[in-house]
file input_26.cif (mmCIF, C-alpha atoms)
data_entry
#
loop_
_atom_site.group_PDB
_atom_site.id
_atom_site.type_symbol
_atom_site.label_atom_id
_atom_site.label_comp_id
_atom_site.auth_asym_id
_atom_site.auth_seq_id
_atom_site.Cartn_x
_atom_site.Cartn_y
_atom_site.Cartn_z
ATOM 1 C CA MET J 1 4.322 -16.751 7.176
ATOM 2 C CA ALA J 2 5.294 -19.759 9.246
ATOM 3 C CA PRO J 3 2.641 -21.927 10.895
ATOM 4 C CA MET J 4 2.137 -21.802 14.645
ATOM 5 C CA GLY J 5 1.930 -24.937 16.736
ATOM 6 C CA GLY J 6 3.001 -28.414 15.738
ATOM 7 C CA ALA J 7 6.104 -30.301 16.781
ATOM 8 C CA GLY J 8 9.450 -28.704 17.506
ATOM 9 C CA PRO J 9 10.419 -25.138 18.393
ATOM 10 C CA ARG J 10 8.276 -22.328 17.082
ATOM 11 C CA PRO J 11 9.754 -20.317 14.194
ATOM 12 C CA GLU J 12 10.989 -16.808 14.786
ATOM 13 C CA MET J 13 11.820 -13.928 12.480
ATOM 14 C CA ARG J 14 14.210 -11.016 12.355
ATOM 15 C CA VAL J 15 13.185 -7.614 11.072
ATOM 16 C CA GLN J 16 15.528 -4.639 11.209
ATOM 17 C CA THR J 17 14.818 -1.093 10.125
ATOM 18 C CA GLY J 18 16.394 -0.493 6.755
ATOM 19 C CA GLY J 19 17.627 -4.085 6.501
ATOM 20 C CA LYS J 20 16.569 -7.417 5.065
ATOM 21 C CA MET J 21 14.745 -10.268 6.731
ATOM 22 C CA GLY J 22 17.257 -12.666 8.162
ATOM 23 C CA SER J 23 17.174 -16.003 9.929
ATOM 24 C CA LYS J 24 13.794 -17.328 10.966
ATOM 25 C CA LYS J 25 15.433 -18.766 14.087
ATOM 26 C CA GLU J 26 16.198 -15.366 15.568
ATOM 27 C CA PRO J 27 13.880 -13.015 17.436
ATOM 28 C CA VAL J 28 12.200 -10.129 15.672
ATOM 29 C CA LYS J 29 14.256 -6.956 15.986
ATOM 30 C CA LEU J 30 12.201 -3.807 15.786
ATOM 31 C CA SER J 31 13.923 -0.455 15.894
ATOM 32 C CA SER J 32 11.921 2.682 16.666
ATOM 33 C CA GLY J 33 14.726 4.992 17.652
ATOM 34 C CA PRO J 34 17.725 4.740 19.916
ATOM 35 C CA LYS J 35 16.613 1.465 21.517
ATOM 36 C CA GLU J 36 15.918 -1.890 19.879
ATOM 37 C CA ILE J 37 12.985 -4.146 20.789
ATOM 38 C CA SER J 38 13.179 -7.943 20.622
ATOM 39 C CA MET J 39 9.942 -9.823 19.957
ATOM 40 C CA ARG J 40 9.333 -13.546 19.666
ATOM 41 C CA TRP J 41 6.532 -15.136 17.662
ATOM 42 C CA GLU J 42 4.987 -16.765 20.736
ATOM 43 C CA ASP J 43 4.955 -13.391 22.518
ATOM 44 C CA LEU J 44 2.770 -11.574 19.980
ATOM 45 C CA ASP J 45 -0.304 -11.783 22.193
ATOM 46 C CA ARG J 46 1.503 -9.663 24.789
ATOM 47 C CA GLU J 47 2.505 -6.892 22.393
ATOM 48 C CA ASN J 48 0.771 -3.519 22.733
ATOM 49 C CA CYS J 49 -0.426 -3.747 19.138
ATOM 50 C CA SER J 50 -3.848 -4.863 17.918
ATOM 51 C CA LEU J 51 -2.386 -6.367 14.739
ATOM 52 C CA ALA J 52 0.231 -8.371 16.638
ATOM 53 C CA ARG J 53 -2.394 -9.689 19.033
ATOM 54 C CA THR J 54 -4.661 -10.598 16.126
ATOM 55 C CA LEU J 55 -1.824 -12.455 14.392
ATOM 56 C CA SER J 56 -1.256 -14.451 17.585
ATOM 57 C CA VAL J 57 -4.710 -15.942 16.920
ATOM 58 C CA VAL J 58 -5.081 -16.074 13.116
ATOM 59 C CA GLY J 59 -1.576 -15.393 11.769
ATOM 60 C CA ASP J 60 -0.986 -18.903 10.494
ATOM 61 C CA ARG J 61 -1.639 -20.232 6.993
ATOM 62 C CA TRP J 62 -3.657 -23.278 8.125
ATOM 63 C CA THR J 63 -5.674 -21.201 10.580
ATOM 64 C CA LEU J 64 -6.742 -18.876 7.781
ATOM 65 C CA MET J 65 -7.652 -21.819 5.582
ATOM 66 C CA VAL J 66 -9.762 -23.316 8.371
ATOM 67 C CA LEU J 67 -11.523 -19.969 8.714
ATOM 68 C CA ARG J 68 -12.108 -19.892 4.963
ATOM 69 C CA GLU J 69 -13.911 -23.209 5.259
ATOM 70 C CA CYS J 70 -15.927 -21.970 8.233
ATOM 71 C CA PHE J 71 -17.210 -19.049 6.177
ATOM 72 C CA LEU J 72 -18.046 -21.497 3.377
ATOM 73 C CA GLY J 73 -20.326 -23.337 5.784
ATOM 74 C CA GLN J 74 -18.088 -26.209 6.880
ATOM 75 C CA ARG J 75 -18.403 -27.188 10.557
ATOM 76 C CA ARG J 76 -17.216 -30.743 11.098
ATOM 77 C CA PHE J 77 -13.723 -32.141 11.511
ATOM 78 C CA GLU J 78 -14.085 -34.555 8.604
ATOM 79 C CA GLN J 79 -15.281 -31.730 6.343
ATOM 80 C CA PHE J 80 -12.229 -29.608 7.148
ATOM 81 C CA GLU J 81 -9.927 -32.582 6.722
ATOM 82 C CA GLY J 82 -11.424 -33.602 3.386
ATOM 83 C CA ARG J 83 -11.499 -30.104 1.932
ATOM 84 C CA LEU J 84 -8.041 -29.021 3.079
ATOM 85 C CA GLY J 85 -6.065 -32.269 2.909
ATOM 86 C CA ILE J 86 -4.481 -31.270 6.213
ATOM 87 C CA ALA J 87 -2.868 -33.702 8.670
ATOM 88 C CA ARG J 88 -5.284 -34.616 11.447
ATOM 89 C CA HIS J 89 -2.980 -33.512 14.287
ATOM 90 C CA VAL J 90 -2.391 -30.144 12.640
ATOM 91 C CA LEU J 91 -6.110 -29.615 12.070
ATOM 92 C CA ALA J 92 -6.901 -30.631 15.653
ATOM 93 C CA ASP J 93 -4.318 -28.140 16.911
ATOM 94 C CA ARG J 94 -5.711 -25.236 14.845
ATOM 95 C CA LEU J 95 -9.316 -25.995 15.843
ATOM 96 C CA LYS J 96 -8.275 -26.215 19.495
ATOM 97 C CA LYS J 97 -6.523 -22.843 19.357
ATOM 98 C CA LEU J 98 -9.423 -21.151 17.594
ATOM 99 C CA THR J 99 -11.803 -22.590 20.162
ATOM 100 C CA GLU J 100 -9.629 -21.492 23.082
ATOM 101 C CA ALA J 101 -9.439 -18.000 21.561
ATOM 102 C CA GLY J 102 -13.244 -17.809 21.383
ATOM 103 C CA VAL J 103 -13.320 -17.669 17.579
ATOM 104 C CA LEU J 104 -15.055 -21.049 17.306
ATOM 105 C CA ALA J 105 -17.389 -22.874 19.668
ATOM 106 C CA ARG J 106 -17.869 -26.639 19.858
ATOM 107 C CA THR J 107 -21.517 -27.661 19.625
ATOM 108 C CA ALA J 108 -22.963 -31.146 19.811
ATOM 109 C CA TYR J 109 -24.938 -32.254 16.756
ATOM 110 C CA GLN J 110 -25.341 -35.866 17.925
ATOM 111 C CA GLU J 111 -25.497 -37.350 21.418
ATOM 112 C CA ARG J 112 -25.112 -41.141 20.991
ATOM 113 C CA PRO J 113 -22.300 -41.313 20.283
ATOM 114 C CA ARG J 114 -21.561 -37.662 21.044
ATOM 115 C CA ARG J 115 -20.271 -35.803 18.051
ATOM 116 C CA GLU J 116 -19.430 -32.126 17.897
ATOM 117 C CA GLU J 117 -19.014 -29.491 15.222
ATOM 118 C CA TYR J 118 -17.310 -26.116 15.174
ATOM 119 C CA ARG J 119 -19.367 -22.956 14.739
ATOM 120 C CA LEU J 120 -18.192 -19.397 14.375
ATOM 121 C CA THR J 121 -18.898 -17.244 17.401
ATOM 122 C CA GLU J 122 -19.639 -13.525 17.221
ATOM 123 C CA LYS J 123 -15.899 -12.987 17.662
ATOM 124 C CA GLY J 124 -15.278 -15.323 14.734
ATOM 125 C CA ARG J 125 -17.937 -13.765 12.499
ATOM 126 C CA ASP J 126 -16.324 -10.388 13.093
ATOM 127 C CA LEU J 127 -13.333 -11.679 11.101
ATOM 128 C CA HIS J 128 -15.496 -11.780 7.962
ATOM 129 C CA ALA J 129 -14.510 -8.298 6.794
ATOM 130 C CA ALA J 130 -10.813 -9.106 7.224
ATOM 131 C CA MET J 131 -11.213 -12.373 5.327
ATOM 132 C CA LEU J 132 -13.057 -10.605 2.505
ATOM 133 C CA ALA J 133 -10.287 -8.004 2.248
ATOM 134 C CA LEU J 134 -7.632 -10.724 1.922
ATOM 135 C CA ILE J 135 -9.710 -12.666 -0.606
ATOM 136 C CA GLN J 136 -10.380 -9.536 -2.631
ATOM 137 C CA TRP J 137 -6.640 -8.784 -2.724
ATOM 138 C CA GLY J 138 -6.064 -12.355 -3.937
ATOM 139 C CA ASP J 139 -8.778 -12.008 -6.601
ATOM 140 C CA LYS J 140 -7.049 -8.875 -7.896
ATOM 141 C CA TYR J 141 -3.409 -9.924 -7.779
ATOM 142 C CA MET J 142 -3.244 -13.723 -7.516
ATOM 143 C CA ALA J 143 -6.131 -15.118 -9.576
ATOM 144 C CA GLY J 144 -5.390 -16.740 -12.921
ATOM 145 C CA GLU J 145 -6.447 -15.491 -16.334
ATOM 146 C CA GLU J 146 -9.850 -17.121 -15.899
ATOM 147 C CA GLY J 147 -10.645 -14.791 -13.011
ATOM 148 C CA PRO J 148 -11.604 -15.318 -9.372
ATOM 149 C CA PRO J 149 -12.566 -18.891 -8.429
ATOM 150 C CA ILE J 150 -15.475 -17.725 -6.265
ATOM 151 C CA GLU J 151 -17.840 -14.768 -6.611
ATOM 152 C CA ARG J 152 -19.612 -13.310 -3.615
ATOM 153 C CA VAL J 153 -23.178 -12.145 -4.099
ATOM 154 C CA HIS J 154 -25.013 -9.675 -1.874
ATOM 155 C CA LYS J 155 -28.222 -11.425 -0.823
ATOM 156 C CA ALA J 156 -30.225 -8.202 -0.613
ATOM 157 C CA CYS J 157 -29.607 -6.977 -4.165
ATOM 158 C CA GLY J 158 -28.400 -10.121 -5.938
ATOM 159 C CA HIS J 159 -25.283 -8.482 -7.395
ATOM 160 C CA VAL J 160 -21.700 -9.709 -7.310
ATOM 161 C CA MET J 161 -20.064 -7.515 -4.693
ATOM 162 C CA GLU J 162 -16.737 -6.109 -3.619
ATOM 163 C CA THR J 163 -16.066 -4.747 -0.170
ATOM 164 C CA VAL J 164 -15.358 -1.029 0.023
ATOM 165 C CA PRO J 165 -13.999 0.387 3.296
ATOM 166 C CA VAL J 166 -15.828 3.537 4.334
ATOM 167 C CA CYS J 167 -15.502 5.964 7.215
ATOM 168 C CA SER J 168 -17.823 4.991 10.068
ATOM 169 C CA GLU J 169 -18.568 8.676 10.740
ATOM 170 C CA CYS J 170 -19.137 10.285 7.336
ATOM 171 C CA GLY J 171 -19.652 7.262 5.075
ATOM 172 C CA GLU J 172 -16.988 8.307 2.548
ATOM 173 C CA PRO J 173 -14.818 5.572 0.974
ATOM 174 C CA VAL J 174 -11.289 5.529 2.406
ATOM 175 C CA SER J 175 -7.921 4.348 1.110
ATOM 176 C CA ALA J 176 -4.492 4.340 2.744
ATOM 177 C CA HIS J 177 -3.922 7.925 1.570
ATOM 178 C CA ASP J 178 -7.093 9.072 3.348
ATOM 179 C CA VAL J 179 -6.094 7.814 6.793
ATOM 180 C CA THR J 180 -3.652 9.162 9.353
ATOM 181 C CA VAL J 181 -2.813 7.661 12.735
ATOM 182 C CA ARG J 182 -2.462 8.991 16.241
ATOM 183 C CA ALA J 183 -1.879 7.431 19.631
ATOM 184 C CA GLY J 184 -4.996 5.862 21.143
ATOM 185 C CA PRO J 185 -6.000 5.523 24.799
ATOM 186 C CA GLY J 186 -4.097 2.237 25.113
ATOM 187 C CA ALA J 187 -0.893 3.497 23.487
ATOM 188 C CA GLY J 188 2.500 2.864 25.051
ATOM 189 C CA GLU J 189 5.854 4.526 24.582
ATOM 190 C CA ASP J 190 6.714 2.491 21.470
ATOM 191 C CA THR J 191 3.257 2.062 19.936
ATOM 192 C CA LEU J 192 4.093 4.400 17.057
ATOM 193 C CA PRO J 193 7.521 4.708 15.388
ATOM 194 C CA ARG J 194 9.208 7.990 16.146
ATOM 195 C CA THR J 195 9.300 8.795 12.421
ATOM 196 C CA ALA J 196 5.626 7.983 11.779
ATOM 197 C CA HIS J 197 4.013 10.258 9.203
ATOM 198 C CA GLY J 198 0.328 10.599 8.456
ATOM 199 C CA ARG J 199 -0.555 9.608 4.934
#
call {"tool": "encode", "arguments": {"input": "input_26.cif", "output": "structure tokens"}}
result
Amino acid sequence: MAPMGGAGPRPEMRVQTGGKMGSKKEPVKLSSGPKEISMRWEDLDRENCSLARTLSVVGDRWTLMVLRECFLGQRRFEQFEGRLGIARHVLADRLKKLTEAGVLARTAYQERPRREEYRLTEKGRDLHAAMLALIQWGDKYMAGEEGPPIERVHKACGHVMETVPVCSECGEPVSAHDVTVRAGPGAGEDTLPRTAHGR
């Protein structure tokens, strides 16, 4: 996944049904039937798709790493810079975008001279489940032979935990095979592919 922001033109991708990913300098090509839809990376926030709109905010490798540090308790620019080894202008850009998106809020921790830190908002804290899911996937498929580098412990019971998605209505665990999709109240003509099948 290419980073957003920074100098120069923003990267683009091409995706075609039944084909291979091509040049990153071409628009995304999505085919859902007789007509083809072009989509550019910088236009994701205007797509009628919750995932696309989410990626317009957090779909960048450095943004996710900044969020990782936020959930590890880091709040200050120097802490992010030291932990990530990221260029200052890139870090400033990612923090600015997360703040503008309402994921982080700048809060003063010193007045003379004024110094500010970055705290997760409610909108930012709501990304915790998504971050845990990505980390858990990495623990399972990308960790070395020694095992996961970090264990997460449930404060209430004191046990090392894994997240388990459950149905909000019946409480049963769910996997991809347990979920089907249907058009929601905000659906448009091309929200679902014409050949979509429930799993």
call {"tool": "closest_residue", "arguments": {"input": "input_26.cif", "among": "J:Glu117, J:Asp139, J:Glu151, J:Asp178", "to": "Val166 (chain J)", "atoms": "all atoms listed in the file"}}
result
J:Asp178
call {"tool": "atom_distance", "arguments": {"input": "input_26.cif", "atom1": "CA of Val57 (chain J)", "atom2": "CA of Arg114 (chain J)"}}
result
27.8 Å
call {"tool": "residues_around", "arguments": {"input": "input_26.cif", "residues": "Gly186 (chain J)", "least_positions_apart": "2", "cutoff": "10 Å", "atoms": "all atoms listed in the file", "output": "VMD selection string"}}
result
chain J and resid 48 to 49 183 to 184 188 191
call {"tool": "resolve_selection", "arguments": {"input": "input_26.cif", "expression": "the PyMOL selection byres ((chain J and resi 90) around 12)", "output": "mmCIF file with C-alpha atoms, keeping the file's coordinate frame"}}
result
data_model
loop_
_atom_site.group_PDB
_atom_site.id
_atom_site.type_symbol
_atom_site.label_atom_id
_atom_site.label_comp_id
_atom_site.auth_asym_id
_atom_site.auth_seq_id
_atom_site.Cartn_x
_atom_site.Cartn_y
_atom_site.Cartn_z
ATOM 1 C CA PRO J 3 2.641 -21.927 10.895
ATOM 2 C CA MET J 4 2.137 -21.802 14.645
ATOM 3 C CA GLY J 5 1.930 -24.937 16.736
ATOM 4 C CA GLY J 6 3.001 -28.414 15.738
ATOM 5 C CA ALA J 7 6.104 -30.301 16.781
ATOM 6 C CA ASP J 60 -0.986 -18.903 10.494
ATOM 7 C CA ARG J 61 -1.639 -20.232 6.993
ATOM 8 C CA TRP J 62 -3.657 -23.278 8.125
ATOM 9 C CA THR J 63 -5.674 -21.201 10.580
ATOM 10 C CA VAL J 66 -9.762 -23.316 8.371
ATOM 11 C CA PHE J 77 -13.723 -32.141 11.511
ATOM 12 C CA PHE J 80 -12.229 -29.608 7.148
ATOM 13 C CA GLU J 81 -9.927 -32.582 6.722
ATOM 14 C CA LEU J 84 -8.041 -29.021 3.079
ATOM 15 C CA GLY J 85 -6.065 -32.269 2.909
ATOM 16 C CA ILE J 86 -4.481 -31.270 6.213
ATOM 17 C CA ALA J 87 -2.868 -33.702 8.670
ATOM 18 C CA ARG J 88 -5.284 -34.616 11.447
ATOM 19 C CA HIS J 89 -2.980 -33.512 14.287
ATOM 20 C CA LEU J 91 -6.110 -29.615 12.070
ATOM 21 C CA ALA J 92 -6.901 -30.631 15.653
ATOM 22 C CA ASP J 93 -4.318 -28.140 16.911
ATOM 23 C CA ARG J 94 -5.711 -25.236 14.845
ATOM 24 C CA LEU J 95 -9.316 -25.995 15.843
ATOM 25 C CA LYS J 96 -8.275 -26.215 19.495
ATOM 26 C CA LYS J 97 -6.523 -22.843 19.357
#
call {"tool": "resolve_selection", "arguments": {"input": "input_26.cif", "expression": "the PyMOL selection byres ((chain J and resi 103) around 8)", "output": "list in words"}}
result
Leu98, Thr99, Glu100, Ala101, Gly102, Leu104, Ala105, Leu120, Thr121, Glu122, Lys123, Gly124 and Arg125 of chain J
call {"tool": "closest_residue", "arguments": {"input": "input_26.cif", "among": "J:Pro185, J:Val153, J:Gly144, J:Met131", "to": "Arg68 (chain J)", "atoms": "only C-alpha atoms"}}
result
J:Met131
call {"tool": "atom_distance", "arguments": {"input": "input_26.cif", "atom1": "CA of Thr54 (chain J)", "atom2": "CA of Leu132 (chain J)"}}
result
16.0 Å
call {"tool": "resolve_selection", "arguments": {"input": "input_26.cif", "expression": "the PyMOL selection byres ((chain J and resi 135) around 12)", "output": "list in words"}}
result
Leu64, Met65, Leu67, Arg68, Phe71, His128, Ala129, Ala130, Met131, Leu132, Ala133, Leu134, Gln136, Trp137, Gly138, Asp139, Lys140, Tyr141, Met142, Ala143, Pro148, Pro149, Ile150, Glu151, Arg152, Glu162 and Thr163 of chain J
call {"tool": "atom_distance", "arguments": {"input": "input_26.cif", "atom1": "CA of Cys70 (chain J)", "atom2": "CA of Met161 (chain J)"}}
result
19.8 Å
call {"tool": "axis_aligned_box", "arguments": {"input": "input_26.cif", "around": "region 57-72 of chain J", "padding_each_side": "5 Å", "output": "JSON"}}
result
{"center_x": -9.5, "center_y": -19.4, "center_z": 10.1, "size_x": 27.1, "size_y": 17.9, "size_z": 23.5}
call {"tool": "decode", "arguments": {"input": "input_26.cif", "residues": "region 41-78 of chain J", "atoms": "N, CA and C atoms", "output": "PDB file, in the first residue's frame"}}
result
ATOM      1  N   TRP J  41      -6.870   7.441  -6.034  1.00  0.00           N
ATOM      2  CA  TRP J  41      -6.566   7.285  -4.610  1.00  0.00           C
ATOM      3  C   TRP J  41      -7.083   8.464  -3.800  1.00  0.00           C
ATOM      4  N   GLU J  42      -6.892   9.691  -4.328  1.00  0.00           N
ATOM      5  CA  GLU J  42      -7.295  10.876  -3.579  1.00  0.00           C
ATOM      6  C   GLU J  42      -8.810  11.074  -3.557  1.00  0.00           C
ATOM      7  N   ASP J  43      -9.539  10.238  -4.308  1.00  0.00           N
ATOM      8  CA  ASP J  43     -10.995  10.356  -4.351  1.00  0.00           C
ATOM      9  C   ASP J  43     -11.704   9.330  -3.474  1.00  0.00           C
ATOM     10  N   LEU J  44     -10.944   8.547  -2.703  1.00  0.00           N
ATOM     11  CA  LEU J  44     -11.554   7.483  -1.911  1.00  0.00           C
ATOM     12  C   LEU J  44     -12.592   7.996  -0.923  1.00  0.00           C
ATOM     13  N   ASP J  45     -12.369   9.195  -0.385  1.00  0.00           N
ATOM     14  CA  ASP J  45     -13.297   9.716   0.612  1.00  0.00           C
ATOM     15  C   ASP J  45     -14.656  10.066   0.021  1.00  0.00           C
ATOM     16  N   ARG J  46     -14.744  10.086  -1.320  1.00  0.00           N
ATOM     17  CA  ARG J  46     -16.021  10.385  -1.962  1.00  0.00           C
ATOM     18  C   ARG J  46     -16.715   9.145  -2.507  1.00  0.00           C
ATOM     19  N   GLU J  47     -16.098   7.986  -2.303  1.00  0.00           N
ATOM     20  CA  GLU J  47     -16.706   6.736  -2.756  1.00  0.00           C
ATOM     21  C   GLU J  47     -17.841   6.327  -1.825  1.00  0.00           C
ATOM     22  N   ASN J  48     -18.875   5.715  -2.380  1.00  0.00           N
ATOM     23  CA  ASN J  48     -19.997   5.232  -1.568  1.00  0.00           C
ATOM     24  C   ASN J  48     -19.653   3.850  -1.011  1.00  0.00           C
ATOM     25  N   CYS J  49     -18.622   3.836  -0.175  1.00  0.00           N
ATOM     26  CA  CYS J  49     -18.107   2.592   0.398  1.00  0.00           C
ATOM     27  C   CYS J  49     -17.437   2.928   1.717  1.00  0.00           C
ATOM     28  N   SER J  50     -17.874   2.310   2.791  1.00  0.00           N
ATOM     29  CA  SER J  50     -17.311   2.619   4.114  1.00  0.00           C
ATOM     30  C   SER J  50     -15.843   2.249   4.206  1.00  0.00           C
ATOM     31  N   LEU J  51     -15.434   1.157   3.537  1.00  0.00           N
ATOM     32  CA  LEU J  51     -14.024   0.775   3.572  1.00  0.00           C
ATOM     33  C   LEU J  51     -13.177   1.793   2.826  1.00  0.00           C
ATOM     34  N   ALA J  52     -13.620   2.205   1.646  1.00  0.00           N
ATOM     35  CA  ALA J  52     -12.865   3.194   0.875  1.00  0.00           C
ATOM     36  C   ALA J  52     -12.711   4.485   1.659  1.00  0.00           C
ATOM     37  N   ARG J  53     -13.774   4.932   2.296  1.00  0.00           N
ATOM     38  CA  ARG J  53     -13.715   6.171   3.062  1.00  0.00           C
ATOM     39  C   ARG J  53     -12.808   6.024   4.277  1.00  0.00           C
ATOM     40  N   THR J  54     -12.803   4.840   4.876  1.00  0.00           N
ATOM     41  CA  THR J  54     -11.898   4.595   5.999  1.00  0.00           C
ATOM     42  C   THR J  54     -10.446   4.612   5.537  1.00  0.00           C
ATOM     43  N   LEU J  55     -10.172   3.990   4.386  1.00  0.00           N
ATOM     44  CA  LEU J  55      -8.810   3.975   3.858  1.00  0.00           C
ATOM     45  C   LEU J  55      -8.323   5.369   3.507  1.00  0.00           C
ATOM     46  N   SER J  56      -9.244   6.274   3.160  1.00  0.00           N
ATOM     47  CA  SER J  56      -8.833   7.651   2.863  1.00  0.00           C
ATOM     48  C   SER J  56      -8.264   8.325   4.100  1.00  0.00           C
ATOM     49  N   VAL J  57      -8.556   7.792   5.280  1.00  0.00           N
ATOM     50  CA  VAL J  57      -8.048   8.347   6.537  1.00  0.00           C
ATOM     51  C   VAL J  57      -6.864   7.549   7.062  1.00  0.00           C
ATOM     52  N   VAL J  58      -6.956   6.216   7.074  1.00  0.00           N
ATOM     53  CA  VAL J  58      -5.934   5.395   7.735  1.00  0.00           C
ATOM     54  C   VAL J  58      -5.236   4.424   6.782  1.00  0.00           C
ATOM     55  N   GLY J  59      -5.493   4.528   5.486  1.00  0.00           N
ATOM     56  CA  GLY J  59      -4.949   3.541   4.549  1.00  0.00           C
ATOM     57  C   GLY J  59      -3.539   3.830   4.088  1.00  0.00           C
ATOM     58  N   ASP J  60      -2.685   4.170   4.991  1.00  0.00           N
ATOM     59  CA  ASP J  60      -1.292   4.491   4.688  1.00  0.00           C
ATOM     60  C   ASP J  60      -0.410   3.839   5.734  1.00  0.00           C
ATOM     61  N   ARG J  61       0.721   3.296   5.317  1.00  0.00           N
ATOM     62  CA  ARG J  61       1.555   2.509   6.244  1.00  0.00           C
ATOM     63  C   ARG J  61       2.024   3.335   7.444  1.00  0.00           C
ATOM     64  N   TRP J  62       2.453   4.598   7.210  1.00  0.00           N
ATOM     65  CA  TRP J  62       2.926   5.407   8.330  1.00  0.00           C
ATOM     66  C   TRP J  62       1.788   5.819   9.243  1.00  0.00           C
ATOM     67  N   THR J  63       0.604   6.045   8.666  1.00  0.00           N
ATOM     68  CA  THR J  63      -0.550   6.393   9.494  1.00  0.00           C
ATOM     69  C   THR J  63      -0.868   5.266  10.459  1.00  0.00           C
ATOM     70  N   LEU J  64      -0.854   4.042   9.977  1.00  0.00           N
ATOM     71  CA  LEU J  64      -1.122   2.897  10.846  1.00  0.00           C
ATOM     72  C   LEU J  64      -0.053   2.750  11.919  1.00  0.00           C
ATOM     73  N   MET J  65       1.184   3.029  11.569  1.00  0.00           N
ATOM     74  CA  MET J  65       2.249   2.930  12.568  1.00  0.00           C
ATOM     75  C   MET J  65       2.120   4.023  13.625  1.00  0.00           C
ATOM     76  N   VAL J  66       1.702   5.218  13.225  1.00  0.00           N
ATOM     77  CA  VAL J  66       1.442   6.275  14.193  1.00  0.00           C
ATOM     78  C   VAL J  66       0.320   5.851  15.131  1.00  0.00           C
ATOM     79  N   LEU J  67      -0.725   5.258  14.579  1.00  0.00           N
ATOM     80  CA  LEU J  67      -1.836   4.792  15.410  1.00  0.00           C
ATOM     81  C   LEU J  67      -1.387   3.682  16.357  1.00  0.00           C
ATOM     82  N   ARG J  68      -0.510   2.820  15.883  1.00  0.00           N
ATOM     83  CA  ARG J  68       0.034   1.784  16.779  1.00  0.00           C
ATOM     84  C   ARG J  68       0.664   2.428  18.003  1.00  0.00           C
ATOM     85  N   GLU J  69       1.469   3.466  17.761  1.00  0.00           N
ATOM     86  CA  GLU J  69       2.131   4.142  18.871  1.00  0.00           C
ATOM     87  C   GLU J  69       1.130   4.846  19.788  1.00  0.00           C
ATOM     88  N   CYS J  70       0.074   5.399  19.203  1.00  0.00           N
ATOM     89  CA  CYS J  70      -0.956   6.035  20.026  1.00  0.00           C
ATOM     90  C   CYS J  70      -1.570   5.030  20.991  1.00  0.00           C
ATOM     91  N   PHE J  71      -1.865   3.830  20.496  1.00  0.00           N
ATOM     92  CA  PHE J  71      -2.464   2.813  21.352  1.00  0.00           C
ATOM     93  C   PHE J  71      -1.449   2.205  22.324  1.00  0.00           C
ATOM     94  N   LEU J  72      -0.172   2.471  22.107  1.00  0.00           N
ATOM     95  CA  LEU J  72       0.855   2.067  23.072  1.00  0.00           C
ATOM     96  C   LEU J  72       1.158   3.185  24.064  1.00  0.00           C
ATOM     97  N   GLY J  73       0.367   4.268  23.997  1.00  0.00           N
ATOM     98  CA  GLY J  73       0.496   5.320  24.986  1.00  0.00           C
ATOM     99  C   GLY J  73       1.379   6.490  24.609  1.00  0.00           C
ATOM    100  N   GLN J  74       1.872   6.518  23.357  1.00  0.00           N
ATOM    101  CA  GLN J  74       2.709   7.637  22.937  1.00  0.00           C
ATOM    102  C   GLN J  74       1.823   8.806  22.510  1.00  0.00           C
ATOM    103  N   ARG J  75       2.233  10.037  22.849  1.00  0.00           N
ATOM    104  CA  ARG J  75       1.403  11.206  22.567  1.00  0.00           C
ATOM    105  C   ARG J  75       2.175  12.375  21.966  1.00  0.00           C
ATOM    106  N   ARG J  76       3.469  12.403  22.128  1.00  0.00           N
ATOM    107  CA  ARG J  76       4.232  13.583  21.740  1.00  0.00           C
ATOM    108  C   ARG J  76       5.049  13.344  20.477  1.00  0.00           C
ATOM    109  N   PHE J  77       5.235  14.430  19.731  1.00  0.00           N
ATOM    110  CA  PHE J  77       5.918  14.359  18.442  1.00  0.00           C
ATOM    111  C   PHE J  77       7.260  13.651  18.561  1.00  0.00           C
ATOM    112  N   GLU J  78       8.038  14.042  19.558  1.00  0.00           N
ATOM    113  CA  GLU J  78       9.376  13.455  19.721  1.00  0.00           C
ATOM    114  C   GLU J  78       9.300  11.966  20.023  1.00  0.00           C
TER     115      GLU J  78
END
